[in-house]
$ cat work-v8.pdb   # PDB, C-alpha atoms
ATOM      1  CA  MET A   1     140.004 -55.520  20.434  1.00  0.00           C
ATOM      2  CA  LYS A   2     139.936 -56.985  16.924  1.00  0.00           C
ATOM      3  CA  LEU A   3     136.137 -57.021  16.975  1.00  0.00           C
ATOM      4  CA  LEU A   4     136.007 -53.331  17.908  1.00  0.00           C
ATOM      5  CA  THR A   5     138.482 -52.503  15.142  1.00  0.00           C
ATOM      6  CA  CYS A   6     136.472 -54.450  12.568  1.00  0.00           C
ATOM      7  CA  ILE A   7     133.229 -52.791  13.611  1.00  0.00           C
ATOM      8  CA  SER A   8     134.710 -49.296  13.507  1.00  0.00           C
ATOM      9  CA  LEU A   9     136.314 -49.991  10.115  1.00  0.00           C
ATOM     10  CA  ALA A  10     133.006 -51.284   8.720  1.00  0.00           C
ATOM     11  CA  LEU A  11     131.117 -48.249  10.043  1.00  0.00           C
ATOM     12  CA  PHE A  12     133.693 -45.927   8.495  1.00  0.00           C
ATOM     13  CA  MET A  13     133.494 -47.664   5.115  1.00  0.00           C
ATOM     14  CA  PHE A  14     129.698 -47.619   5.000  1.00  0.00           C
ATOM     15  CA  SER A  15     129.515 -43.993   6.132  1.00  0.00           C
ATOM     16  CA  CYS A  16     131.701 -42.953   3.179  1.00  0.00           C
ATOM     17  CA  ALA A  17     129.592 -44.818   0.613  1.00  0.00           C
ATOM     18  CA  PRO A  18     127.715 -42.535  -1.801  1.00  0.00           C
ATOM     19  CA  SER A  19     124.075 -42.020  -1.032  1.00  0.00           C
ATOM     20  CA  GLU A  20     121.331 -42.794  -3.520  1.00  0.00           C
ATOM     21  CA  LYS A  21     119.656 -39.546  -2.482  1.00  0.00           C
ATOM     22  CA  ALA A  22     122.646 -37.541  -3.695  1.00  0.00           C
ATOM     23  CA  LYS A  23     122.170 -38.570  -7.324  1.00  0.00           C
ATOM     24  CA  ASN A  24     120.588 -36.124  -9.736  1.00  0.00           C
ATOM     25  CA  THR A  25     117.840 -38.145 -11.430  1.00  0.00           C
ATOM     26  CA  ILE A  26     115.978 -35.273 -13.083  1.00  0.00           C
ATOM     27  CA  PRO A  27     117.316 -34.517 -16.571  1.00  0.00           C
ATOM     28  CA  TYR A  28     117.554 -30.845 -17.496  1.00  0.00           C
ATOM     29  CA  LYS A  29     117.262 -29.820 -13.833  1.00  0.00           C
ATOM     30  CA  TYR A  30     119.831 -27.017 -14.019  1.00  0.00           C
ATOM     31  CA  ARG A  31     119.914 -26.294 -17.773  1.00  0.00           C
ATOM     32  CA  THR A  32     117.208 -26.430 -20.408  1.00  0.00           C
ATOM     33  CA  GLU A  33     117.328 -28.890 -23.279  1.00  0.00           C
ATOM     34  CA  ALA A  34     118.141 -26.057 -25.690  1.00  0.00           C
ATOM     35  CA  GLN A  35     121.092 -24.952 -23.537  1.00  0.00           C
ATOM     36  CA  VAL A  36     122.441 -28.500 -23.398  1.00  0.00           C
ATOM     37  CA  ASP A  37     122.148 -28.891 -27.183  1.00  0.00           C
ATOM     38  CA  ALA A  38     123.822 -25.529 -27.839  1.00  0.00           C
ATOM     39  CA  GLU A  39     126.720 -26.214 -25.450  1.00  0.00           C
ATOM     40  CA  CYS A  40     127.136 -29.735 -26.809  1.00  0.00           C
ATOM     41  CA  LYS A  41     127.281 -28.593 -30.438  1.00  0.00           C
ATOM     42  CA  ALA A  42     129.679 -25.753 -29.568  1.00  0.00           C
ATOM     43  CA  GLN A  43     132.045 -28.127 -27.738  1.00  0.00           C
ATOM     44  CA  ILE A  44     131.941 -30.669 -30.569  1.00  0.00           C
ATOM     45  CA  GLU A  45     132.829 -27.950 -33.097  1.00  0.00           C
ATOM     46  CA  GLU A  46     135.645 -26.699 -30.865  1.00  0.00           C
ATOM     47  CA  ASN A  47     137.030 -30.230 -30.619  1.00  0.00           C
ATOM     48  CA  LYS A  48     136.815 -30.737 -34.400  1.00  0.00           C
ATOM     49  CA  ASN A  49     138.815 -27.568 -35.015  1.00  0.00           C
ATOM     50  CA  SER A  50     141.498 -28.515 -32.503  1.00  0.00           C
ATOM     51  CA  LYS A  51     144.801 -29.960 -33.592  1.00  0.00           C
ATOM     52  CA  ALA A  52     145.372 -31.760 -30.294  1.00  0.00           C
ATOM     53  CA  GLN A  53     145.080 -35.191 -31.903  1.00  0.00           C
ATOM     54  CA  ALA A  54     147.475 -34.311 -34.764  1.00  0.00           C
ATOM     55  CA  GLU A  55     150.575 -35.628 -32.987  1.00  0.00           C
ATOM     56  CA  SER A  56     150.948 -38.573 -30.693  1.00  0.00           C
ATOM     57  CA  ASN A  57     153.074 -37.138 -27.891  1.00  0.00           C
ATOM     58  CA  ALA A  58     151.871 -37.245 -24.287  1.00  0.00           C
ATOM     59  CA  GLY A  59     150.879 -33.571 -24.092  1.00  0.00           C
ATOM     60  CA  ASN A  60     148.562 -33.765 -27.081  1.00  0.00           C
ATOM     61  CA  PHE A  61     147.135 -37.051 -25.835  1.00  0.00           C
ATOM     62  CA  LEU A  62     146.284 -35.522 -22.454  1.00  0.00           C
ATOM     63  CA  LEU A  63     144.834 -32.432 -24.144  1.00  0.00           C
ATOM     64  CA  GLY A  64     142.654 -34.711 -26.277  1.00  0.00           C
ATOM     65  CA  VAL A  65     141.475 -36.553 -23.174  1.00  0.00           C
ATOM     66  CA  MET A  66     140.603 -33.261 -21.460  1.00  0.00           C
ATOM     67  CA  MET A  67     138.676 -32.076 -24.515  1.00  0.00           C
ATOM     68  CA  ALA A  68     136.742 -35.335 -24.607  1.00  0.00           C
ATOM     69  CA  MET A  69     135.842 -34.875 -20.947  1.00  0.00           C
ATOM     70  CA  GLN A  70     134.678 -31.316 -21.640  1.00  0.00           C
ATOM     71  CA  GLU A  71     132.488 -32.610 -24.465  1.00  0.00           C
ATOM     72  CA  ASP A  72     131.050 -35.280 -22.186  1.00  0.00           C
ATOM     73  CA  TRP A  73     130.242 -32.682 -19.523  1.00  0.00           C
ATOM     74  CA  ALA A  74     128.712 -30.278 -22.071  1.00  0.00           C
ATOM     75  CA  CYS A  75     126.457 -32.989 -23.496  1.00  0.00           C
ATOM     76  CA  ASP A  76     125.353 -34.373 -20.116  1.00  0.00           C
ATOM     77  CA  PRO A  77     121.729 -33.362 -19.380  1.00  0.00           C
ATOM     78  CA  TYR A  78     122.097 -34.282 -15.689  1.00  0.00           C
ATOM     79  CA  LYS A  79     124.926 -31.798 -15.068  1.00  0.00           C
TER      80      LYS A  79
END
$ encode --input "work-v8.pdb" --output "structure tokens"
Amino acid sequence: MKLLTCISLALFMFSCAPSEKAKNTIPYKYRTEAQVDAECKAQIEENKNSKAQAESNAGNFLLGVMMAMQEDWACDPYK
């Protein structure tokens, strides 16, 4: 019974593993290089003009983290 449980658990774990085929390996597949640059620059400017980092309370910290994630997504050519 233990052997059957171990085998089924191993099959479940390996079936949930991410596939190498699912990765996007072609840069600028969905957006052109110009679109990526424009969105990246716009997000960087928006983050510079934000006052989210002015105070150190938890709400502003989380807002700063979210803005950094948005900048990362805007500047990612594989998105």
$ closest_residue --input "work-v8.pdb" --among "A:Met1, A:Ala74, A:Ala68, A:Leu63" --to "Gln35 of chain A" --atoms "only C-alpha atoms"
A:Ala74
$ resolve_selection --input "work-v8.pdb" --expression "the PyMOL selection byres ((chain A and resi 42-45) around 9)" --output "list of chain:residue names"
A:Asp37, A:Ala38, A:Glu39, A:Cys40, A:Lys41, A:Glu46, A:Asn47, A:Lys48, A:Asn49, A:Ser50, A:Met67, A:Ala68, A:Gln70, A:Glu71, A:Ala74, A:Cys75
$ write_last_selection --input "work-v8.pdb" --atoms "C-alpha atoms" --output "mmCIF file, in the coordinates of the input"
data_model
loop_
_atom_site.group_PDB
_atom_site.id
_atom_site.type_symbol
_atom_site.label_atom_id
_atom_site.label_comp_id
_atom_site.auth_asym_id
_atom_site.auth_seq_id
_atom_site.Cartn_x
_atom_site.Cartn_y
_atom_site.Cartn_z
ATOM 1 C CA ASP A 37 122.148 -28.891 -27.183
ATOM 2 C CA ALA A 38 123.822 -25.529 -27.839
ATOM 3 C CA GLU A 39 126.720 -26.214 -25.450
ATOM 4 C CA CYS A 40 127.136 -29.735 -26.809
ATOM 5 C CA LYS A 41 127.281 -28.593 -30.438
ATOM 6 C CA GLU A 46 135.645 -26.699 -30.865
ATOM 7 C CA ASN A 47 137.030 -30.230 -30.619
ATOM 8 C CA LYS A 48 136.815 -30.737 -34.400
ATOM 9 C CA ASN A 49 138.815 -27.568 -35.015
ATOM 10 C CA SER A 50 141.498 -28.515 -32.503
ATOM 11 C CA MET A 67 138.676 -32.076 -24.515
ATOM 12 C CA ALA A 68 136.742 -35.335 -24.607
ATOM 13 C CA GLN A 70 134.678 -31.316 -21.640
ATOM 14 C CA GLU A 71 132.488 -32.610 -24.465
ATOM 15 C CA ALA A 74 128.712 -30.278 -22.071
ATOM 16 C CA CYS A 75 126.457 -32.989 -23.496
#
$ closest_residue --input "work-v8.pdb" --among "A:Phe61, A:Trp73, A:Phe14, A:Tyr78" --to "Ile26 of chain A" --atoms "all atoms listed in the file"
A:Tyr78
$ atom_distance --input "work-v8.pdb" --atom1 "atom CA of Lys29 of chain A" --atom2 "atom CA of Asp76 of chain A"
11.2 Å
$ atom_distance --input "work-v8.pdb" --atom1 "atom CA of Tyr28 of chain A" --atom2 "atom CA of Pro77 of chain A"
5.2 Å
$ closest_residue --input "work-v8.pdb" --among "A:Ser15, A:Leu9, A:Leu62, A:Lys79" --to "Thr32 of chain A" --atoms "only C-alpha atoms"
A:Lys79
$ axis_aligned_box --input "work-v8.pdb" --around "segment 27-45 of chain A" --padding-each-side "5 Å" --output "lines of an AutoDock Vina configuration file"
center_x = 125.0
center_y = -29.7
center_z = -23.5
size_x = 25.6
size_y = 19.6
size_z = 29.3
$ atom_distance --input "work-v8.pdb" --atom1 "atom CA of Asp72 of chain A" --atom2 "atom CA of Asn57 of chain A"
22.8 Å
